[in-house]
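Chemist: Just passing along the structure, written as structure tokens.
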Amino acid sequence: MNLLLAEVAQATLRLADAGVPSPRFDAEELAAFVHGVKRGALHTVADGDFDARFWEAIARREAREPLQHITGRAFFRYLELQVGPGVFVPRPETEVVVGWAIDALRAMDVAEPLVVDLCTGSGAIALAVAQEVPRSVVHAVELDPDAHRYAARNASGSRVILHRGDALAALPELDGTVDLVICNPPYVPLDERDEMAPEARDHDPELALFSGPDGLDFIRILSKTAYRLLRPGGLVVVEHADTQGGAVPWIFNEEAGWVDAADHRDLTNRPRFTTARKEGA
């Protein structure tokens with residue numbers, strides 16, 4: 001074992017003691033970041049090249065600063081995104097949500113599907129859709145100025161059309177024409193703040209997290225915005241907390257003009273997102 005791997009082993013123990021959920025992965029990821037190598041190549045770093053800044057990074061993670069804020073990057077499906085303070089860090093469970101949307105778009109009999117990503121944050125969802133559905137036209141909307149700046153950096157050079165504004169009042173010029181609306185909205189109930197992981201509670205923007213007493217205030221209004229934007233037969237895809245799988249589909253009910261409302265599970269078999277179709281074609 002070389003020096004770096006020995007230090008990673010010690011760092012793993014420190015992170016575990018601090019309650020970090022994935023201590024070994026995070027220690028290796030920080031070692032790779034500091035030393036400019038892949039995680040699988042840590043054994044190739046010569047002892048003389050060990051960089052003491054590794055322990056500075058470990059101390060920050062030990063204090064529960066998000067790993068992605070320390071490295072400045074987050075991986076999402078096939079993307080590497082710039083992230084940091086002021087923008088919501090995309091989560092692995094959202095990749096399943098986006099995967100469903102991509103499959104649905106590919107199955108549509110539409111040459112150039114029109115997609116709107118509301119509350120885009122870092123731009124992860126919009127960029128993944130644009131990358132994996134090459135003929136799609138993707139609009140992304142973000143209100144928070146800090147998050148919008150990250151989205152602009154990530155979307156630079158892409159086909160994503162980024163807008164700064166309120167997701168709930170966005171893009172009236174597209175009313176009745178959109179094929180799919182997707183959103184990872186704020187959905188944490190206000191009284192659950194103290195139960196959250198420090199990485200989210202202390203570092204993710206509150207605008208991206210909290211939404212009323214039951215966490216569903218934003219989704220209730222979002223259902224009306226999605227209905228406004230979608231063409232007849234268009235689809236909405238909305239992420240939610242794993243405790244909300246019984247409630248969110250009822251928001252997209254037939255009286256409100258929706259059909260085929262269904263809830264879906266993530267890779268851990270937890271309720272994760274709701275889909276529905278606007279009545280019509």
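Chains: A, B, ... in order of the structure tokens. Residues: from 1 per chain. Ligands: from 1, in order shown.
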List as a PyMOL selection string the protein and nucleic acid residues near segment 175-183 of chain A, meaning an atom at most 9 Å away when only C-alpha atoms are counted, but skip any in the same chain fewer than 4 places from it.
Modeler: chain A and resi 97-98+101+104-105+108+110+113-120+125-126+171+222+226-239
Chemist: For the selection just defined, write its residues with N, CA and C atoms to a file, as an mmCIF file, in the first residue's frame.
Modeler:
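Heads up, here's the output in again-v9.cif:
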data_model
loop_
_atom_site.group_PDB
_atom_site.id
_atom_site.type_symbol
_atom_site.label_atom_id
_atom_site.label_comp_id
_atom_site.auth_asym_id
_atom_site.auth_seq_id
_atom_site.Cartn_x
_atom_site.Cartn_y
_atom_site.Cartn_z
ATOM 1 N N VAL A 97 -35.699 9.491 -12.797
ATOM 2 C CA VAL A 97 -36.784 10.348 -13.262
ATOM 3 C C VAL A 97 -36.513 10.783 -14.701
ATOM 4 N N VAL A 98 -35.296 11.235 -14.936
ATOM 5 C CA VAL A 98 -34.920 11.696 -16.273
ATOM 6 C C VAL A 98 -34.924 10.530 -17.264
ATOM 7 N N ALA A 101 -38.375 10.033 -18.548
ATOM 8 C CA ALA A 101 -38.745 11.093 -19.491
ATOM 9 C C ALA A 101 -38.087 10.872 -20.848
ATOM 10 N N ALA A 104 -39.840 8.161 -22.698
ATOM 11 C CA ALA A 104 -41.139 8.621 -23.172
ATOM 12 C C ALA A 104 -40.997 9.507 -24.405
ATOM 13 N N LEU A 105 -39.982 10.365 -24.415
ATOM 14 C CA LEU A 105 -39.757 11.232 -25.571
ATOM 15 C C LEU A 105 -39.369 10.421 -26.808
ATOM 16 N N MET A 108 -42.377 8.913 -28.469
ATOM 17 C CA MET A 108 -43.356 9.809 -29.080
ATOM 18 C C MET A 108 -43.190 9.838 -30.594
ATOM 19 N N VAL A 110 -43.021 12.209 -32.581
ATOM 20 C CA VAL A 110 -42.761 13.637 -32.759
ATOM 21 C C VAL A 110 -41.326 13.793 -33.220
ATOM 22 N N PRO A 113 -39.307 16.823 -30.404
ATOM 23 C CA PRO A 113 -40.134 17.063 -29.214
ATOM 24 C C PRO A 113 -39.721 18.314 -28.453
ATOM 25 N N LEU A 114 -40.737 19.035 -27.992
ATOM 26 C CA LEU A 114 -40.527 20.267 -27.244
ATOM 27 C C LEU A 114 -40.641 19.958 -25.750
ATOM 28 N N VAL A 115 -39.592 20.308 -25.003
ATOM 29 C CA VAL A 115 -39.485 19.944 -23.592
ATOM 30 C C VAL A 115 -39.250 21.198 -22.755
ATOM 31 N N VAL A 116 -39.882 21.261 -21.592
ATOM 32 C CA VAL A 116 -39.636 22.345 -20.634
ATOM 33 C C VAL A 116 -39.217 21.736 -19.296
ATOM 34 N N ASP A 117 -38.074 22.181 -18.789
ATOM 35 C CA ASP A 117 -37.574 21.781 -17.469
ATOM 36 C C ASP A 117 -37.735 22.969 -16.539
ATOM 37 N N LEU A 118 -38.645 22.830 -15.575
ATOM 38 C CA LEU A 118 -38.892 23.904 -14.618
ATOM 39 C C LEU A 118 -38.051 23.687 -13.368
ATOM 40 N N CYS A 119 -37.590 24.767 -12.750
ATOM 41 C CA CYS A 119 -36.688 24.700 -11.586
ATOM 42 C C CYS A 119 -35.415 23.948 -11.966
ATOM 43 N N THR A 120 -34.740 24.397 -12.996
ATOM 44 C CA THR A 120 -33.638 23.626 -13.576
ATOM 45 C C THR A 120 -32.406 23.545 -12.684
ATOM 46 N N ILE A 125 -31.133 18.254 -15.524
ATOM 47 C CA ILE A 125 -32.208 17.552 -16.231
ATOM 48 C C ILE A 125 -32.264 18.005 -17.683
ATOM 49 N N ALA A 126 -32.286 19.307 -17.901
ATOM 50 C CA ALA A 126 -32.396 19.826 -19.265
ATOM 51 C C ALA A 126 -31.239 19.365 -20.136
ATOM 52 N N LEU A 171 -42.827 31.081 -19.713
ATOM 53 C CA LEU A 171 -42.980 30.685 -21.110
ATOM 54 C C LEU A 171 -44.426 30.675 -21.614
ATOM 55 N N LEU A 222 -47.709 23.852 -9.692
ATOM 56 C CA LEU A 222 -47.019 23.326 -10.863
ATOM 57 C C LEU A 222 -47.960 22.551 -11.774
ATOM 58 N N ALA A 226 -48.042 23.200 -15.730
ATOM 59 C CA ALA A 226 -47.793 22.136 -16.709
ATOM 60 C C ALA A 226 -48.987 21.972 -17.636
ATOM 61 N N TYR A 227 -50.191 22.031 -17.071
ATOM 62 C CA TYR A 227 -51.396 21.898 -17.909
ATOM 63 C C TYR A 227 -51.462 23.025 -18.935
ATOM 64 N N ARG A 228 -51.100 24.228 -18.515
ATOM 65 C CA ARG A 228 -51.085 25.376 -19.429
ATOM 66 C C ARG A 228 -50.096 25.181 -20.566
ATOM 67 N N LEU A 229 -48.925 24.659 -20.255
ATOM 68 C CA LEU A 229 -47.867 24.540 -21.255
ATOM 69 C C LEU A 229 -48.082 23.380 -22.231
ATOM 70 N N LEU A 230 -48.632 22.286 -21.740
ATOM 71 C CA LEU A 230 -48.666 21.057 -22.539
ATOM 72 C C LEU A 230 -49.713 21.107 -23.646
ATOM 73 N N ARG A 231 -49.400 20.436 -24.726
ATOM 74 C CA ARG A 231 -50.390 20.162 -25.772
ATOM 75 C C ARG A 231 -51.312 19.040 -25.286
ATOM 76 N N PRO A 232 -52.469 18.871 -25.913
ATOM 77 C CA PRO A 232 -53.293 17.712 -25.573
ATOM 78 C C PRO A 232 -52.502 16.416 -25.784
ATOM 79 N N GLY A 233 -52.496 15.559 -24.788
ATOM 80 C CA GLY A 233 -51.719 14.324 -24.859
ATOM 81 C C GLY A 233 -50.291 14.459 -24.372
ATOM 82 N N GLY A 234 -49.873 15.671 -24.016
ATOM 83 C CA GLY A 234 -48.513 15.878 -23.512
ATOM 84 C C GLY A 234 -48.352 15.314 -22.109
ATOM 85 N N LEU A 235 -47.104 15.118 -21.710
ATOM 86 C CA LEU A 235 -46.785 14.440 -20.454
ATOM 87 C C LEU A 235 -46.132 15.374 -19.440
ATOM 88 N N VAL A 236 -46.432 15.135 -18.161
ATOM 89 C CA VAL A 236 -45.750 15.819 -17.070
ATOM 90 C C VAL A 236 -45.033 14.766 -16.229
ATOM 91 N N VAL A 237 -43.834 15.111 -15.762
ATOM 92 C CA VAL A 237 -43.017 14.221 -14.930
ATOM 93 C C VAL A 237 -42.532 15.053 -13.744
ATOM 94 N N VAL A 238 -42.901 14.643 -12.525
ATOM 95 C CA VAL A 238 -42.593 15.439 -11.338
ATOM 96 C C VAL A 238 -41.973 14.559 -10.260
ATOM 97 N N GLU A 239 -40.781 14.918 -9.808
ATOM 98 C CA GLU A 239 -40.151 14.205 -8.696
ATOM 99 C C GLU A 239 -40.797 14.620 -7.380
#
Chemist: Show which residues sit within 10 Å of segment 16-31 of chain A, as a ChimeraX atom specification. Count only C-alpha atoms, and ignore same-chain residues fewer than 3 positions away.
Modeler: /A:4-5,7-13,34-40,42,50-51,53-58,61-68,70-71,197-199
Chemist: Enumerate, as a ChimeraX atom specification, the complete set of residues in segment 67-211 of chain A that a backbone-based DSSP assignment places in alpha helix (DSSP H).
Modeler: /A:67-71,92-107,124-132,145-155,198-201
Chemist: Which residue gives the smallest distance to Ala140 of chain A among A:Ala208, A:Leu174, A:Ile221, A:Leu127, with only C-alpha atoms counted?
Modeler: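 The answer is A:Leu127, which sits nearest to Ala140 of chain A.
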Chemist: Rounded to one decimal place, report the atom CA of Asn154 of chain A-atom CA of His203 of chain A distance in Å.
Modeler: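 Straight-line distance from atom CA of Asn154 of chain A to atom CA of His203 of chain A works out to 19.8 Å.
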Chemist: From segment 17-194 of chain A, collect each residue whose DSSP state is strand (DSSP E) and return the set as a list of chain:residue names.
Modeler: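 Strand (DSSP E) members of segment 17-194 of chain A, listed: A:Arg73, A:Ala74, A:Phe75, A:Phe76, A:Leu79, A:Glu80, A:Leu81, A:Gln82, A:Leu114, A:Val115, A:Val116, A:Asp117, A:Leu118, A:Val137, A:Val138, A:His139, A:Ala140, A:Val141, A:Glu142, A:Ile161, A:Leu162, A:His163, A:Arg164, A:Val178, A:Asp179, A:Leu180, A:Val181, A:Ile182, A:Cys183.
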Chemist: For His240 of chain A, work out the shell of residues within 7 Å, counting only C-alpha atoms and skipping chain neighbours fewer than 4 positions away, then give it as a compact mmCIF listing (two decimals) with all heavy atoms, in the first residue's frame.
Modeler:
# COMPACT_ATOMS: atom_id res chain seq x y z
N TYR A 187 -39.92 20.13 -2.38
CA TYR A 187 -41.00 19.29 -1.86
C TYR A 187 -40.79 18.87 -0.39
O TYR A 187 -41.47 17.97 0.10
CB TYR A 187 -41.21 18.04 -2.72
CG TYR A 187 -39.98 17.20 -3.02
CD1 TYR A 187 -39.33 16.48 -2.02
CD2 TYR A 187 -39.48 17.10 -4.32
CE1 TYR A 187 -38.23 15.69 -2.29
CE2 TYR A 187 -38.38 16.31 -4.61
CZ TYR A 187 -37.76 15.60 -3.60
OH TYR A 187 -36.66 14.82 -3.87
N GLN A 244 -44.29 10.78 -0.38
CA GLN A 244 -45.39 11.51 -1.02
C GLN A 244 -46.01 10.76 -2.19
O GLN A 244 -46.84 11.31 -2.92
CB GLN A 244 -44.89 12.89 -1.49
CG GLN A 244 -44.45 13.78 -0.34
CD GLN A 244 -43.69 15.02 -0.80
OE1 GLN A 244 -43.09 15.04 -1.87
NE2 GLN A 244 -43.70 16.06 0.03
N ARG A 272 -40.84 7.73 -6.06
CA ARG A 272 -39.91 8.81 -6.39
C ARG A 272 -40.50 9.86 -7.34
O ARG A 272 -40.16 11.03 -7.26
CB ARG A 272 -38.64 8.23 -7.01
CG ARG A 272 -37.57 9.24 -7.36
CD ARG A 272 -37.20 10.10 -6.18
NE ARG A 272 -36.71 9.27 -5.07
CZ ARG A 272 -36.57 9.74 -3.83
NH1 ARG A 272 -36.87 10.98 -3.54
NH2 ARG A 272 -36.14 8.94 -2.86
N PHE A 273 -41.39 9.48 -8.26
CA PHE A 273 -41.90 10.49 -9.18
C PHE A 273 -43.26 10.10 -9.74
O PHE A 273 -43.61 8.92 -9.82
CB PHE A 273 -40.91 10.79 -10.32
CG PHE A 273 -40.64 9.64 -11.26
CD1 PHE A 273 -41.24 9.60 -12.52
CD2 PHE A 273 -39.77 8.62 -10.91
CE1 PHE A 273 -40.97 8.55 -13.40
CE2 PHE A 273 -39.48 7.58 -11.79
CZ PHE A 273 -40.10 7.55 -13.04
